[in-house]
There are 2 protein chains.
Amino acid sequence: MKIQNDLFLRAAQGEKIERPPVWLMRQAGRILPQYRALRAKLSGFKELVETPHLAAEVTIQPVDELDVDAAIIFSDILVIPEVMGLEYQMVEKKGPWFPNTIQNIDDVKKLRSGAEAAADLHYVYEALKITKEELHQRIPLIGFSGAPWTLLSYMIEGSGSKTFSKAKKFLYTQPEAAHLLLDKLADTIIVYLKNKINAGADLVQIFDSWAGILSPEQYKEFSLPYIKKICAAISEAPITIFAKGAWFVLKDLQEIEANVIGLDWNTRPEFARELLGNKQVVQGNLDPCLLYASHKEIKEKTLEMIEKFQGHHIVNLGHGVYPDTPLDGVKCFVNTVKEFEY
Amino acid sequence: MKIQNDLFLRAAQGEKIERPPVWLMRQAGRILPQYRALRAKLSGFKELVETPHLAAEVTIQPVDELDVDAAIIFSDILVIPEVMGLEYQMVEKKGPWFPNTIQNIDDVKKLRSGAEAAADLHYVYEALKITKEELHQRIPLIGFSGAPWTLLSYMIEGSGSKTFSKAKKFLYTQPEAAHLLLDKLADTIIVYLKNKINAGADLVQIFDSWAGILSPEQYKEFSLPYIKKICAAISEAPITIFAKGAWFVLKDLQEIEANVIGLDWNTRPEFARELLGNKQVVQGNLDPCLLYASHKEIKEKTLEMIEKFQGHHIVNLGHGVYPDTPLDGVKCFVNTVKEFEY
């Protein structure tokens, strides 16, 4: 059976479409009362990630509530470090925390990687299968992974950070260990994404959430080559790269075999188009805080952005939607896009 | 008596100089053992800020230890919100915290501003006078302030934040109150900087530390006009603007009557030159984490950066030096610049 609303996939593949598709990063989450109700009954965030039928349930919630053009599987980027051998906890209101971190090349050598590690993420694949079934081909399903550099940064730092200076120090002082770790991460991510596609993902997105804290030179040495490696290895489905804050390598992202480039809200449409050309589709990029504004302003700014991108565009925010965003602001945003026609 | 080493001031005024001057943001701080020793004897950070002879002492420490080309007065950007009526605490290992925050326009109206508020910062002016005396005209002294938007963001948010979504929400939902607050901040900062110059500052730097979290449109509405207002009002000394992360308005910073534009480490020298031209001097912009690297690498990358900027340049990092940076890495950086000749 064909996907009924395949606008998102057609857009991602560069087809000319009647209006831009729309979805939101973190749409399956705290903005929805039904998510918060389910979450309140559970022991924690990880229980939700690791229980396939619950992950499927919250993945579908925003599809029903917001009528978006794509679903994204509810999961977490840190499941990859975990199956490689670094367990983590999700501390309420604080974020992720790793009791053990990578100190040197011996620690890196001990990590599992590739198919062996990726196999342990059976609960993610199971969640995708259930979601795919329960979606009844209404819209496409997105799978995702963190990018190698972003995952490395947590594995060194041990938690979130304002500067990620420990992780960056590691790149400067132990480059050999860093490259080995990035390569093991890339190998694991490749199998992981292929498995996700096998389990039902119609497109995969790679989140390089901490791209913006690297210098252009370091980004080109420690992040870009591994994203390239992943993209080159995956031909089974279209790929989106979202390198947050990496405006300084936007031109280099052109070389990557990715279909879609995600943009944050700092990046003016004209600037992105100038550097990327029209080869790739762009995704983004309204300021997530705009959804706190009046409906009039949300509508105006959303239409203004669509006009500026001039097609070849998937509408999204420039970051994951913030948890306290009013649901009617989100709906106003989604509906504005759905009522638009090129 | 003339300043003996006035390289920094000559560079800031666009003169052709024999080598670029060098100093570091946060050079008066935790990288120095003598700072840590003094700090350990005190009740807290604010005692140091509020005690003129101690602030002067730590201001001069890096001058003696590192032989940099400029001193920057030890102080804090949040003294301005405080004299306007919002007290804050500096919580060890956590950062600033405001027991009360701005909720609406009535709160803004209650704040003091301008000369009346700035007068209460006599301890800062006193610290500048003592420092100026004790420097014996060896090198110039920098005074500084936070930019209106950055100060507003703390006054709304109440503390540091990953997203500053409360502050940004305030701009979207209460723009009138935001503009009134920004204007009161600008008026206070103008008097504050003039007083600082009277007390001995040879140049003043404005830190817009949270510039990078605004969209280009919001930056142009809520930050740029107030920085412009401040710059236009100050003719007594040269001005540096450091709008961290604001690459997307770099071209607009050209219009500001500022002598020097600070750059973060994301910004390639070629990109900055292309947008700024040669009208303004640039300051920056090595990755602060480079100082964790080997001396060979520090030396190479420092020289490479100097070559790329091709003059009209004050050497600095692209951010304040991180507290755990090895002192000999900092010295290697400073000495590399001092041994260079155009």
# chains A, B, ... in the order shown; residues from 1 in each chain; ligands from 1
>>> interface_residues(of="chain A", to="chain B", cutoff="8 Å", atoms="only C-alpha atoms", output="list of chain:residue names")
A:Lys162, A:Ser165, A:Lys168, A:Lys169, A:Tyr172, A:Thr173, A:Gly212, A:Ile213, A:Leu214, A:Ser215, A:Pro216, A:Phe248, A:Trp265, A:Asn266, A:Thr267, A:Arg268, A:Asp287, A:Cys289, A:Leu290, A:Tyr292, A:Ala293, A:Ser294
>>> residues_around(residues="Gly311 of chain A", least_positions_apart="2", cutoff="9 Å", atoms="only C-alpha atoms", output="PDB file with C-alpha atoms, in the first residue's frame")
ATOM      1  CA  LYS A  16       8.117  19.935  -7.277  1.00  0.00           C
ATOM      2  CA  ILE A  17       5.209  19.939  -4.857  1.00  0.00           C
ATOM      3  CA  ARG A  19       2.830  23.144  -0.862  1.00  0.00           C
ATOM      4  CA  PRO A  20       5.733  22.576   1.547  1.00  0.00           C
ATOM      5  CA  VAL A 281      16.151  20.609  -0.185  1.00  0.00           C
ATOM      6  CA  VAL A 282      16.246  22.750   2.962  1.00  0.00           C
ATOM      7  CA  ILE A 306       7.911  30.074   2.947  1.00  0.00           C
ATOM      8  CA  GLU A 307       8.063  32.890   0.403  1.00  0.00           C
ATOM      9  CA  LYS A 308      11.724  33.520   1.073  1.00  0.00           C
ATOM     10  CA  PHE A 309      12.776  29.904   0.575  1.00  0.00           C
ATOM     11  CA  HIS A 313      11.652  23.386   1.235  1.00  0.00           C
ATOM     12  CA  ILE A 314      10.262  21.369   4.139  1.00  0.00           C
ATOM     13  CA  TYR A 342       2.728  27.600  -4.178  1.00  0.00           C
TER      14      TYR A 342
END
>>> select_by_dssp(residues="segment 27-71 of chain B", states="alpha helix (DSSP H)", output="list in words")
Pro33, Gln34, Tyr35, Arg36, Ala37, Leu38, Arg39, Ala40, Phe45, Lys46, Glu47, Leu48, Val49, Glu50, Pro52, His53, Leu54, Ala55, Ala56, Glu57, Val58, Thr59, Ile60, Gln61, Pro62, Val63, Asp64, Glu65 and Leu66 of chain B
>>> closest_residue(among="B:Pro33, B:Pro140, B:Gly14, B:Gly44", to="Gly95 of chain B", atoms="only C-alpha atoms")
B:Gly44
>>> closest_residue(among="A:Pro52, A:Gly158, A:Pro62, A:Pro225", to="Ala28 of chain A", atoms="only C-alpha atoms")
A:Pro62
>>> select_by_dssp(residues="segment 28-258 of chain B", states="strand (DSSP E or B)", output="list in words")
Ala71, Ile72, Gln89, Met90, Val91, Gly95, Pro96, Trp97, Leu141, Ile142, Gly143, Phe144, Ser145, Gly146, Ser159, Leu203, Val204, Gln205, Ile206, Phe207, Asp208, Ile239, Thr240, Ile241, Phe242 and Ala243 of chain B
>>> atom_distance(atom1="atom CA of Asp67 of chain A", atom2="atom CA of Gln27 of chain A")
11.0 Å
>>> atom_distance(atom1="atom CA of Val63 of chain B", atom2="atom CA of Phe333 of chain B")
14.5 Å
>>> atom_distance(atom1="atom CA of Asn198 of chain A", atom2="atom CA of Leu152 of chain A")
25.8 Å
>>> residues_around(residues="Glu176 of chain B", least_positions_apart="6", cutoff="12 Å", atoms="only C-alpha atoms", output="ChimeraX atom specification")
/B:104-106,108-109,170,182-183,221-222
>>> write_last_selection(atoms="C-alpha atoms", output="PDB file, in the first residue's frame")
ATOM      1  CA  ASN B 104       5.743  42.942  32.793  1.00  0.00           C
ATOM      2  CA  ILE B 105       5.888  46.625  31.936  1.00  0.00           C
ATOM      3  CA  ASP B 106       5.033  47.709  35.485  1.00  0.00           C
ATOM      4  CA  VAL B 108      10.150  47.774  34.035  1.00  0.00           C
ATOM      5  CA  LYS B 109       8.683  51.153  34.999  1.00  0.00           C
ATOM      6  CA  PHE B 170       9.101  38.261  26.396  1.00  0.00           C
ATOM      7  CA  LEU B 182      16.221  48.043  26.557  1.00  0.00           C
ATOM      8  CA  ASP B 183      16.057  51.821  26.403  1.00  0.00           C
ATOM      9  CA  GLU B 221      14.865  44.993  16.333  1.00  0.00           C
ATOM     10  CA  PHE B 222      15.904  44.323  19.924  1.00  0.00           C
TER      11      PHE B 222
END
>>> residues_around(residues="segment 84-93 of chain A", least_positions_apart="4", cutoff="9 Å", atoms="only C-alpha atoms", output="list of chain:residue names")
A:Gly44, A:Phe45, A:Lys46, A:Leu78, A:Val79, A:Ile80, A:Trp97, A:Phe98, A:Pro99, A:Asn100, A:Thr101, A:Ile102, A:Lys110, A:Leu111, A:Arg112, A:Ser113, A:Gly114, A:Glu116, A:Ala117, A:Ala118, A:Met155, A:Gly158, A:Lys184, A:Leu185, A:Thr188
>>> residues_around(residues="Cys332 of chain B", least_positions_apart="2", cutoff="12 Å", atoms="only C-alpha atoms", output="mmCIF file with N, CA and C atoms, in the first residue's frame")
data_model
loop_
_atom_site.group_PDB
_atom_site.id
_atom_site.type_symbol
_atom_site.label_atom_id
_atom_site.label_comp_id
_atom_site.auth_asym_id
_atom_site.auth_seq_id
_atom_site.Cartn_x
_atom_site.Cartn_y
_atom_site.Cartn_z
ATOM 1 N N VAL B 22 47.904 41.867 21.862
ATOM 2 C CA VAL B 22 47.235 40.657 22.351
ATOM 3 C C VAL B 22 46.790 40.823 23.803
ATOM 4 N N LEU B 66 51.474 37.639 32.475
ATOM 5 C CA LEU B 66 51.419 37.262 31.052
ATOM 6 C C LEU B 66 52.030 38.317 30.128
ATOM 7 N N ASP B 67 52.192 39.518 30.648
ATOM 8 C CA ASP B 67 52.749 40.615 29.844
ATOM 9 C C ASP B 67 51.889 40.906 28.601
ATOM 10 N N VAL B 68 50.583 40.927 28.815
ATOM 11 C CA VAL B 68 49.648 41.237 27.724
ATOM 12 C C VAL B 68 49.674 42.732 27.391
ATOM 13 N N LEU B 290 41.845 25.667 21.918
ATOM 14 C CA LEU B 290 43.157 25.461 21.304
ATOM 15 C C LEU B 290 44.252 25.529 22.362
ATOM 16 N N LEU B 291 44.015 26.316 23.429
ATOM 17 C CA LEU B 291 45.068 26.472 24.442
ATOM 18 C C LEU B 291 45.267 25.216 25.294
ATOM 19 N N TYR B 292 44.443 24.200 25.069
ATOM 20 C CA TYR B 292 44.702 22.890 25.685
ATOM 21 C C TYR B 292 45.704 22.077 24.847
ATOM 22 N N ALA B 293 45.948 22.501 23.614
ATOM 23 C CA ALA B 293 46.756 21.701 22.677
ATOM 24 C C ALA B 293 48.249 21.826 22.973
ATOM 25 N N SER B 294 49.066 21.157 22.170
ATOM 26 C CA SER B 294 50.525 21.246 22.312
ATOM 27 C C SER B 294 50.975 22.657 21.949
ATOM 28 N N HIS B 295 52.134 23.046 22.460
ATOM 29 C CA HIS B 295 52.646 24.385 22.163
ATOM 30 C C HIS B 295 52.912 24.547 20.672
ATOM 31 N N LYS B 296 53.329 23.474 20.048
ATOM 32 C CA LYS B 296 53.569 23.508 18.602
ATOM 33 C C LYS B 296 52.283 23.900 17.868
ATOM 34 N N GLU B 297 51.179 23.263 18.257
ATOM 35 C CA GLU B 297 49.907 23.541 17.590
ATOM 36 C C GLU B 297 49.396 24.951 17.930
ATOM 37 N N ILE B 298 49.547 25.356 19.176
ATOM 38 C CA ILE B 298 49.118 26.707 19.570
ATOM 39 C C ILE B 298 49.843 27.741 18.714
ATOM 40 N N LYS B 299 51.153 27.543 18.589
ATOM 41 C CA LYS B 299 51.990 28.476 17.825
ATOM 42 C C LYS B 299 51.556 28.523 16.355
ATOM 43 N N GLU B 300 51.418 27.352 15.775
ATOM 44 C CA GLU B 300 51.031 27.256 14.353
ATOM 45 C C GLU B 300 49.700 27.946 14.069
ATOM 46 N N LYS B 301 48.703 27.604 14.892
ATOM 47 C CA LYS B 301 47.347 28.118 14.640
ATOM 48 C C LYS B 301 47.264 29.620 14.917
ATOM 49 N N THR B 302 48.037 30.087 15.886
ATOM 50 C CA THR B 302 48.036 31.520 16.200
ATOM 51 C C THR B 302 48.622 32.306 15.027
ATOM 52 N N LEU B 303 49.740 31.820 14.512
ATOM 53 C CA LEU B 303 50.380 32.511 13.386
ATOM 54 C C LEU B 303 49.498 32.450 12.138
ATOM 55 N N THR B 325 42.222 26.307 31.692
ATOM 56 C CA THR B 325 43.251 26.380 30.648
ATOM 57 C C THR B 325 44.639 26.397 31.290
ATOM 58 N N PRO B 326 45.564 25.554 30.802
ATOM 59 C CA PRO B 326 46.911 25.553 31.397
ATOM 60 C C PRO B 326 47.607 26.896 31.165
ATOM 61 N N LEU B 327 48.211 27.416 32.218
ATOM 62 C CA LEU B 327 48.843 28.737 32.157
ATOM 63 C C LEU B 327 49.956 28.768 31.107
ATOM 64 N N ASP B 328 50.680 27.656 30.946
ATOM 65 C CA ASP B 328 51.774 27.699 29.967
ATOM 66 C C ASP B 328 51.243 27.697 28.529
ATOM 67 N N GLY B 329 50.032 27.195 28.330
ATOM 68 C CA GLY B 329 49.394 27.300 27.011
ATOM 69 C C GLY B 329 49.041 28.759 26.710
ATOM 70 N N VAL B 330 48.523 29.443 27.728
ATOM 71 C CA VAL B 330 48.183 30.861 27.584
ATOM 72 C C VAL B 330 49.443 31.663 27.271
ATOM 73 N N VAL B 334 50.344 34.065 24.020
ATOM 74 C CA VAL B 334 50.714 35.488 24.125
ATOM 75 C C VAL B 334 52.103 35.718 23.526
ATOM 76 N N ASN B 335 53.049 34.844 23.862
ATOM 77 C CA ASN B 335 54.422 35.051 23.385
ATOM 78 C C ASN B 335 54.543 34.886 21.877
ATOM 79 N N THR B 336 53.758 33.982 21.315
ATOM 80 C CA THR B 336 53.777 33.805 19.862
ATOM 81 C C THR B 336 53.398 35.117 19.171
ATOM 82 N N VAL B 337 52.377 35.773 19.694
ATOM 83 C CA VAL B 337 51.953 37.044 19.095
ATOM 84 C C VAL B 337 53.039 38.104 19.285
ATOM 85 N N LYS B 338 53.623 38.130 20.465
ATOM 86 C CA LYS B 338 54.587 39.195 20.767
ATOM 87 C C LYS B 338 55.875 39.060 19.959
ATOM 88 N N GLU B 339 56.163 37.831 19.524
ATOM 89 C CA GLU B 339 57.378 37.630 18.722
ATOM 90 C C GLU B 339 57.132 37.853 17.230
#
>>> closest_residue(among="A:Glu236, A:Asp187, A:Glu274, A:Asp76", to="Val49 of chain A", atoms="only C-alpha atoms")
A:Asp76
